[in-house]
>>> print(open('coords.cif').read())   # mmCIF, N, CA and C atoms
data_input
#
loop_
_atom_site.group_PDB
_atom_site.id
_atom_site.type_symbol
_atom_site.label_atom_id
_atom_site.label_comp_id
_atom_site.auth_asym_id
_atom_site.auth_seq_id
_atom_site.Cartn_x
_atom_site.Cartn_y
_atom_site.Cartn_z
ATOM 1 N N MET P 1 7.231 4.592 29.913
ATOM 2 C CA MET P 1 7.228 5.048 28.538
ATOM 3 C C MET P 1 6.022 4.421 27.838
ATOM 4 N N ASP P 2 5.173 5.257 27.245
ATOM 5 C CA ASP P 2 3.990 4.778 26.542
ATOM 6 C C ASP P 2 4.288 4.639 25.057
ATOM 7 N N PHE P 3 4.197 3.412 24.555
ATOM 8 C CA PHE P 3 4.431 3.148 23.144
ATOM 9 C C PHE P 3 3.106 3.188 22.387
ATOM 10 N N LEU P 4 3.127 3.815 21.212
ATOM 11 C CA LEU P 4 1.957 3.914 20.346
ATOM 12 C C LEU P 4 2.323 3.416 18.957
ATOM 13 N N PRO P 5 1.341 2.920 18.194
ATOM 14 C CA PRO P 5 1.622 2.548 16.808
ATOM 15 C C PRO P 5 2.137 3.763 16.022
ATOM 16 N N ARG P 6 3.088 3.544 15.142
ATOM 17 C CA ARG P 6 3.690 4.603 14.331
ATOM 18 C C ARG P 6 2.617 5.424 13.618
ATOM 19 N N GLU P 7 1.614 4.770 13.060
ATOM 20 C CA GLU P 7 0.552 5.448 12.322
ATOM 21 C C GLU P 7 -0.221 6.406 13.224
ATOM 22 N N GLN P 8 -0.419 6.033 14.477
ATOM 23 C CA GLN P 8 -1.142 6.889 15.413
ATOM 24 C C GLN P 8 -0.333 8.154 15.733
ATOM 25 N N VAL P 9 0.969 8.003 15.882
ATOM 26 C CA VAL P 9 1.826 9.161 16.138
ATOM 27 C C VAL P 9 1.800 10.104 14.929
ATOM 28 N N ILE P 10 1.913 9.546 13.734
ATOM 29 C CA ILE P 10 1.891 10.354 12.508
ATOM 30 C C ILE P 10 0.547 11.045 12.344
ATOM 31 N N ASN P 11 -0.544 10.342 12.590
ATOM 32 C CA ASN P 11 -1.872 10.961 12.480
ATOM 33 C C ASN P 11 -2.010 12.134 13.444
ATOM 34 N N GLY P 12 -1.457 12.003 14.639
ATOM 35 C CA GLY P 12 -1.489 13.098 15.602
ATOM 36 C C GLY P 12 -0.748 14.316 15.096
ATOM 37 N N LEU P 13 0.392 14.096 14.455
ATOM 38 C CA LEU P 13 1.156 15.207 13.881
ATOM 39 C C LEU P 13 0.394 15.857 12.728
ATOM 40 N N GLN P 14 -0.225 15.046 11.883
ATOM 41 C CA GLN P 14 -0.924 15.561 10.713
ATOM 42 C C GLN P 14 -2.124 16.432 11.085
ATOM 43 N N GLN P 15 -2.731 16.172 12.209
ATOM 44 C CA GLN P 15 -3.909 16.941 12.617
ATOM 45 C C GLN P 15 -3.586 18.418 12.841
ATOM 46 N N SER P 16 -2.315 18.741 13.033
ATOM 47 C CA SER P 16 -1.911 20.130 13.297
ATOM 48 C C SER P 16 -1.507 20.890 12.038
ATOM 49 N N PHE P 17 -1.442 20.230 10.898
ATOM 50 C CA PHE P 17 -0.960 20.878 9.670
ATOM 51 C C PHE P 17 -1.640 22.222 9.416
ATOM 52 N N GLN P 18 -2.955 22.209 9.280
ATOM 53 C CA GLN P 18 -3.682 23.409 8.868
ATOM 54 C C GLN P 18 -3.558 24.532 9.887
ATOM 55 N N SER P 19 -3.597 24.191 11.165
ATOM 56 C CA SER P 19 -3.501 25.251 12.175
ATOM 57 C C SER P 19 -2.127 25.924 12.143
ATOM 58 N N TYR P 20 -1.047 25.160 11.937
ATOM 59 C CA TYR P 20 0.283 25.760 11.834
ATOM 60 C C TYR P 20 0.410 26.602 10.565
ATOM 61 N N MET P 21 -0.170 26.126 9.470
ATOM 62 C CA MET P 21 -0.108 26.884 8.219
ATOM 63 C C MET P 21 -0.822 28.227 8.374
ATOM 64 N N ASP P 22 -1.982 28.205 9.012
ATOM 65 C CA ASP P 22 -2.767 29.427 9.179
ATOM 66 C C ASP P 22 -2.140 30.378 10.195
ATOM 67 N N LYS P 23 -1.745 29.855 11.340
ATOM 68 C CA LYS P 23 -1.258 30.687 12.441
ATOM 69 C C LYS P 23 0.109 31.310 12.158
ATOM 70 N N TYR P 24 0.990 30.559 11.450
ATOM 71 C CA TYR P 24 2.371 31.012 11.266
ATOM 72 C C TYR P 24 2.728 31.287 9.804
ATOM 73 N N ASN P 25 1.735 31.376 8.933
ATOM 74 C CA ASN P 25 1.957 31.684 7.515
ATOM 75 C C ASN P 25 2.972 30.747 6.869
ATOM 76 N N VAL P 26 2.843 29.471 7.148
ATOM 77 C CA VAL P 26 3.705 28.447 6.570
ATOM 78 C C VAL P 26 3.241 28.169 5.143
ATOM 79 N N ASP P 27 4.184 28.062 4.204
ATOM 80 C CA ASP P 27 3.840 27.802 2.807
ATOM 81 C C ASP P 27 3.411 26.352 2.591
ATOM 82 N N ASP P 28 4.115 25.431 3.232
ATOM 83 C CA ASP P 28 3.813 24.006 3.076
ATOM 84 C C ASP P 28 4.333 23.267 4.300
ATOM 85 N N ILE P 29 3.664 22.165 4.633
ATOM 86 C CA ILE P 29 4.085 21.368 5.778
ATOM 87 C C ILE P 29 3.806 19.896 5.481
ATOM 88 N N GLY P 30 4.711 19.045 5.887
ATOM 89 C CA GLY P 30 4.561 17.609 5.698
ATOM 90 C C GLY P 30 5.207 16.875 6.860
ATOM 91 N N ILE P 31 5.197 15.560 6.790
ATOM 92 C CA ILE P 31 5.772 14.726 7.852
ATOM 93 C C ILE P 31 7.262 14.514 7.596
ATOM 94 N N PHE P 32 8.056 14.685 8.620
ATOM 95 C CA PHE P 32 9.478 14.336 8.601
ATOM 96 C C PHE P 32 9.597 13.000 9.334
ATOM 97 N N GLU P 33 10.313 12.058 8.718
ATOM 98 C CA GLU P 33 10.467 10.725 9.318
ATOM 99 C C GLU P 33 11.850 10.201 8.968
ATOM 100 N N GLU P 34 12.587 9.782 9.988
ATOM 101 C CA GLU P 34 13.940 9.281 9.756
ATOM 102 C C GLU P 34 14.280 8.194 10.767
ATOM 103 N N HIS P 35 14.840 7.099 10.265
ATOM 104 C CA HIS P 35 15.338 6.031 11.134
ATOM 105 C C HIS P 35 16.724 6.418 11.617
ATOM 106 N N GLY P 36 16.935 6.339 12.904
ATOM 107 C CA GLY P 36 18.253 6.605 13.462
ATOM 108 C C GLY P 36 18.981 5.295 13.693
ATOM 109 N N GLU P 37 20.026 5.351 14.478
ATOM 110 C CA GLU P 37 20.787 4.147 14.797
ATOM 111 C C GLU P 37 20.054 3.334 15.858
ATOM 112 N N GLY P 38 20.127 2.017 15.731
ATOM 113 C CA GLY P 38 19.523 1.128 16.719
ATOM 114 C C GLY P 38 18.026 1.332 16.824
ATOM 115 N N ASP P 39 17.549 1.622 18.029
ATOM 116 C CA ASP P 39 16.114 1.785 18.244
ATOM 117 C C ASP P 39 15.680 3.253 18.175
ATOM 118 N N ARG P 40 16.530 4.139 17.677
ATOM 119 C CA ARG P 40 16.207 5.568 17.555
ATOM 120 C C ARG P 40 15.369 5.821 16.312
ATOM 121 N N TYR P 41 14.443 6.745 16.439
ATOM 122 C CA TYR P 41 13.545 7.109 15.353
ATOM 123 C C TYR P 41 13.203 8.582 15.529
ATOM 124 N N TYR P 42 13.080 9.311 14.445
ATOM 125 C CA TYR P 42 12.791 10.741 14.518
ATOM 126 C C TYR P 42 11.544 11.047 13.696
ATOM 127 N N LEU P 43 10.600 11.737 14.316
ATOM 128 C CA LEU P 43 9.360 12.126 13.650
ATOM 129 C C LEU P 43 9.085 13.592 13.925
ATOM 130 N N GLY P 44 8.484 14.229 12.944
ATOM 131 C CA GLY P 44 8.120 15.627 13.100
ATOM 132 C C GLY P 44 7.606 16.189 11.796
ATOM 133 N N TYR P 45 8.046 17.390 11.479
ATOM 134 C CA TYR P 45 7.535 18.121 10.328
ATOM 135 C C TYR P 45 8.653 18.581 9.405
ATOM 136 N N THR P 46 8.360 18.621 8.118
ATOM 137 C CA THR P 46 9.172 19.344 7.147
ATOM 138 C C THR P 46 8.354 20.570 6.783
ATOM 139 N N VAL P 47 8.925 21.743 6.999
ATOM 140 C CA VAL P 47 8.199 22.996 6.846
ATOM 141 C C VAL P 47 8.890 23.868 5.810
ATOM 142 N N ASN P 48 8.110 24.403 4.886
ATOM 143 C CA ASN P 48 8.605 25.386 3.924
ATOM 144 C C ASN P 48 7.984 26.728 4.264
ATOM 145 N N LYS P 49 8.852 27.730 4.445
ATOM 146 C CA LYS P 49 8.373 29.074 4.747
ATOM 147 C C LYS P 49 9.347 30.091 4.168
ATOM 148 N N ASN P 50 8.808 31.010 3.397
ATOM 149 C CA ASN P 50 9.609 32.080 2.788
ATOM 150 C C ASN P 50 10.809 31.540 2.010
ATOM 151 N N GLY P 51 10.604 30.458 1.279
ATOM 152 C CA GLY P 51 11.656 29.896 0.438
ATOM 153 C C GLY P 51 12.684 29.058 1.170
ATOM 154 N N LYS P 52 12.513 28.846 2.457
ATOM 155 C CA LYS P 52 13.445 28.035 3.237
ATOM 156 C C LYS P 52 12.745 26.770 3.732
ATOM 157 N N THR P 53 13.536 25.707 3.870
ATOM 158 C CA THR P 53 13.005 24.432 4.347
ATOM 159 C C THR P 53 13.616 24.105 5.697
ATOM 160 N N TYR P 54 12.763 23.672 6.618
ATOM 161 C CA TYR P 54 13.180 23.295 7.963
ATOM 162 C C TYR P 54 12.656 21.902 8.272
ATOM 163 N N HIS P 55 13.484 21.105 8.916
ATOM 164 C CA HIS P 55 13.069 19.788 9.409
ATOM 165 C C HIS P 55 12.986 19.903 10.927
ATOM 166 N N ILE P 56 11.785 19.770 11.438
ATOM 167 C CA ILE P 56 11.521 19.923 12.869
ATOM 168 C C ILE P 56 11.107 18.556 13.389
ATOM 169 N N HIS P 57 11.901 18.005 14.304
ATOM 170 C CA HIS P 57 11.598 16.640 14.736
ATOM 171 C C HIS P 57 11.917 16.422 16.201
ATOM 172 N N SER P 58 11.397 15.328 16.691
ATOM 173 C CA SER P 58 11.585 14.942 18.079
ATOM 174 C C SER P 58 12.077 13.496 18.101
ATOM 175 N N PRO P 59 12.927 13.139 19.068
ATOM 176 C CA PRO P 59 13.448 11.768 19.126
ATOM 177 C C PRO P 59 12.460 10.802 19.772
ATOM 178 N N TYR P 60 12.372 9.626 19.183
ATOM 179 C CA TYR P 60 11.518 8.542 19.679
ATOM 180 C C TYR P 60 12.351 7.276 19.832
ATOM 181 N N ILE P 61 11.841 6.363 20.635
ATOM 182 C CA ILE P 61 12.393 5.017 20.764
ATOM 183 C C ILE P 61 11.412 4.073 20.078
ATOM 184 N N LYS P 62 11.932 3.159 19.277
ATOM 185 C CA LYS P 62 11.101 2.193 18.566
ATOM 186 C C LYS P 62 11.291 0.822 19.210
ATOM 187 N N ASN P 63 10.172 0.169 19.573
ATOM 188 C CA ASN P 63 10.266 -1.167 20.183
ATOM 189 C C ASN P 63 10.218 -2.260 19.118
ATOM 190 N N ASP P 64 10.274 -3.514 19.544
ATOM 191 C CA ASP P 64 10.306 -4.655 18.612
ATOM 192 C C ASP P 64 9.030 -4.790 17.790
ATOM 193 N N GLN P 65 7.932 -4.222 18.258
ATOM 194 C CA GLN P 65 6.661 -4.273 17.527
ATOM 195 C C GLN P 65 6.506 -3.098 16.563
ATOM 196 N N GLY P 66 7.516 -2.231 16.508
ATOM 197 C CA GLY P 66 7.458 -1.074 15.619
ATOM 198 C C GLY P 66 6.698 0.106 16.203
ATOM 199 N N GLU P 67 6.351 0.031 17.480
ATOM 200 C CA GLU P 67 5.653 1.124 18.137
ATOM 201 C C GLU P 67 6.670 2.166 18.612
ATOM 202 N N LEU P 68 6.198 3.400 18.788
ATOM 203 C CA LEU P 68 7.087 4.505 19.137
ATOM 204 C C LEU P 68 6.703 5.134 20.470
ATOM 205 N N ALA P 69 7.712 5.564 21.205
ATOM 206 C CA ALA P 69 7.522 6.331 22.437
ATOM 207 C C ALA P 69 8.466 7.517 22.385
ATOM 208 N N LYS P 70 7.963 8.690 22.744
ATOM 209 C CA LYS P 70 8.790 9.890 22.731
ATOM 210 C C LYS P 70 9.907 9.744 23.751
ATOM 211 N N GLU P 71 11.142 9.918 23.296
ATOM 212 C CA GLU P 71 12.299 9.739 24.170
ATOM 213 C C GLU P 71 12.457 10.901 25.140
ATOM 214 N N MET P 72 12.283 12.115 24.640
ATOM 215 C CA MET P 72 12.364 13.297 25.499
ATOM 216 C C MET P 72 11.464 14.367 24.913
ATOM 217 N N ASP P 73 11.074 15.282 25.746
ATOM 218 C CA ASP P 73 10.141 16.311 25.330
ATOM 219 C C ASP P 73 10.895 17.526 24.815
ATOM 220 N N GLU P 74 11.519 17.367 23.650
ATOM 221 C CA GLU P 74 12.217 18.473 23.000
ATOM 222 C C GLU P 74 12.077 18.334 21.498
ATOM 223 N N TRP P 75 12.229 19.450 20.816
ATOM 224 C CA TRP P 75 12.164 19.502 19.362
ATOM 225 C C TRP P 75 13.487 20.025 18.829
ATOM 226 N N ILE P 76 13.913 19.471 17.708
ATOM 227 C CA ILE P 76 15.169 19.842 17.072
ATOM 228 C C ILE P 76 14.846 20.407 15.692
ATOM 229 N N VAL P 77 15.515 21.496 15.325
ATOM 230 C CA VAL P 77 15.326 22.113 14.013
ATOM 231 C C VAL P 77 16.590 21.918 13.199
ATOM 232 N N GLU P 78 16.431 21.386 12.009
ATOM 233 C CA GLU P 78 17.540 21.285 11.058
ATOM 234 C C GLU P 78 17.168 22.115 9.838
ATOM 235 N N HIS P 79 18.091 22.936 9.393
ATOM 236 C CA HIS P 79 17.894 23.756 8.206
ATOM 237 C C HIS P 79 18.385 22.986 6.992
ATOM 238 N N ASP P 80 17.820 23.286 5.830
ATOM 239 C CA ASP P 80 18.326 22.701 4.592
ATOM 240 C C ASP P 80 19.702 23.238 4.245
ATOM 241 N N ASN P 81 20.051 24.380 4.803
ATOM 242 C CA ASN P 81 21.352 24.987 4.577
ATOM 243 C C ASN P 81 22.407 24.179 5.337
ATOM 244 N N PRO P 82 23.346 23.532 4.634
ATOM 245 C CA PRO P 82 24.342 22.699 5.322
ATOM 246 C C PRO P 82 25.283 23.492 6.223
ATOM 247 N N ASN P 83 25.359 24.810 6.037
ATOM 248 C CA ASN P 83 26.237 25.639 6.867
ATOM 249 C C ASN P 83 25.570 26.119 8.155
ATOM 250 N N ALA P 84 24.270 25.879 8.277
ATOM 251 C CA ALA P 84 23.550 26.325 9.473
ATOM 252 C C ALA P 84 23.667 25.274 10.576
ATOM 253 N N ASP P 85 23.753 25.746 11.797
ATOM 254 C CA ASP P 85 23.787 24.833 12.940
ATOM 255 C C ASP P 85 22.384 24.348 13.260
ATOM 256 N N ASP P 86 22.299 23.129 13.800
ATOM 257 C CA ASP P 86 21.021 22.641 14.320
ATOM 258 C C ASP P 86 20.699 23.414 15.588
ATOM 259 N N HIS P 87 19.451 23.749 15.750
ATOM 260 C CA HIS P 87 19.004 24.396 16.983
ATOM 261 C C HIS P 87 18.369 23.316 17.840
ATOM 262 N N ARG P 88 18.813 23.178 19.058
ATOM 263 C CA ARG P 88 18.318 22.116 19.926
ATOM 264 C C ARG P 88 17.605 22.684 21.137
ATOM 265 N N ARG P 89 16.873 21.784 21.759
ATOM 266 C CA ARG P 89 16.215 22.050 23.038
ATOM 267 C C ARG P 89 15.134 23.106 22.983
ATOM 268 N N TYR P 90 14.334 23.032 21.962
ATOM 269 C CA TYR P 90 13.111 23.817 21.962
ATOM 270 C C TYR P 90 12.085 23.019 22.750
ATOM 271 N N SER P 91 11.407 23.673 23.651
ATOM 272 C CA SER P 91 10.437 22.952 24.477
ATOM 273 C C SER P 91 9.056 22.915 23.846
ATOM 274 N N SER P 92 8.820 23.770 22.844
ATOM 275 C CA SER P 92 7.501 23.767 22.214
ATOM 276 C C SER P 92 7.618 24.057 20.724
ATOM 277 N N LEU P 93 6.667 23.543 19.992
ATOM 278 C CA LEU P 93 6.620 23.826 18.558
ATOM 279 C C LEU P 93 6.284 25.286 18.296
ATOM 280 N N ASP P 94 5.441 25.878 19.133
ATOM 281 C CA ASP P 94 5.092 27.281 18.943
ATOM 282 C C ASP P 94 6.326 28.175 18.974
ATOM 283 N N SER P 95 7.256 27.903 19.873
ATOM 284 C CA SER P 95 8.468 28.726 19.932
ATOM 285 C C SER P 95 9.292 28.589 18.658
ATOM 286 N N ILE P 96 9.310 27.406 18.073
ATOM 287 C CA ILE P 96 10.023 27.204 16.808
ATOM 288 C C ILE P 96 9.340 27.966 15.672
ATOM 289 N N PHE P 97 8.029 27.809 15.566
ATOM 290 C CA PHE P 97 7.311 28.449 14.479
ATOM 291 C C PHE P 97 7.364 29.974 14.583
ATOM 292 N N ARG P 98 7.397 30.519 15.781
ATOM 293 C CA ARG P 98 7.542 31.974 15.945
ATOM 294 C C ARG P 98 8.916 32.439 15.463
ATOM 295 N N GLU P 99 9.936 31.607 15.671
ATOM 296 C CA GLU P 99 11.297 31.992 15.310
ATOM 297 C C GLU P 99 11.582 31.879 13.817
ATOM 298 N N ILE P 100 11.043 30.863 13.186
ATOM 299 C CA ILE P 100 11.333 30.687 11.757
ATOM 300 C C ILE P 100 10.447 31.608 10.945
#
>>> encode(input="coords.cif", output="structure tokens")
Amino acid sequence: MDFLPREQVINGLQQSFQSYMDKYNVDDIGIFEEHGEGDRYYLGYTVNKNGKTYHIHSPYIKNDQGELAKEMDEWIVEHDNPNADDHRRYSSLDSIFREI
């Protein structure tokens, strides 16, 4: 497992903002960041498109130095709608952006 500084992981995510906005007609995009239980950490995107908000994130493990390593190669989508189910096991961001 390769651990990277949190800032480096976030910078990598931010570099894709404009391309996702242009390619998938996204209204707005930002960083999604959430501390989970124990050493779990979630990073990804908060996306606004057509009046709906989506939180797209991937699970990470956080070490004692605060560095992050991707736990598994999957993306999870959470809708702002509390009645919507989470969609799990997307293997690529492109598949998510095509669907939303």
>>> residues_near_point(input="coords.cif", point="(7.8, 14.9, 14.2)", cutoff="8 Å", atoms="only C-alpha atoms", output="count of residues only")
12
>>> resolve_selection(input="coords.cif", expression="the PyMOL selection byres ((chain P and resi 62-72) around 6)", output="number ranges by chain")
P: 1-6, 39-41, 59-61, 73-74
>>> closest_residue(input="coords.cif", among="P:Asn81, P:Lys49, P:Trp75, P:Ile96", to="Asp27 of chain P", atoms="all atoms listed in the file")
P:Lys49
>>> select_by_dssp(input="coords.cif", residues="chain P", states="alpha helix (DSSP H)", output="MDAnalysis selection string")
chainID P and resid 6:14 17:24 93:99
>>> atom_distance(input="coords.cif", atom1="atom C of Tyr54 of chain P", atom2="atom N of Tyr90 of chain P")
13.8 Å
>>> atom_distance(input="coords.cif", atom1="atom N of Ser95 of chain P", atom2="atom CA of Gly36 of chain P")
24.8 Å
>>> atom_distance(input="coords.cif", atom1="atom N of Ser16 of chain P", atom2="atom N of Ile29 of chain P")
10.9 Å
>>> closest_residue(input="coords.cif", among="P:Asn83, P:Gln8, P:Thr46, P:Gly38", to="Tyr20 of chain P", atoms="only C-alpha atoms")
P:Thr46
>>> axis_aligned_box(input="coords.cif", around="segment 18-36 of chain P", padding_each_side="8 Å", output="JSON")
{"center_x": 7.6, "center_y": 18.5, "center_z": 8.1, "size_x": 38.7, "size_y": 42.4, "size_z": 27.1}
>>> select_by_dssp(input="coords.cif", residues="chain P", states="strand (DSSP E or B)", output="PyMOL selection string")
chain P and resi 4-5+28-35+40-49+52-62+67-70+75-79+87-90
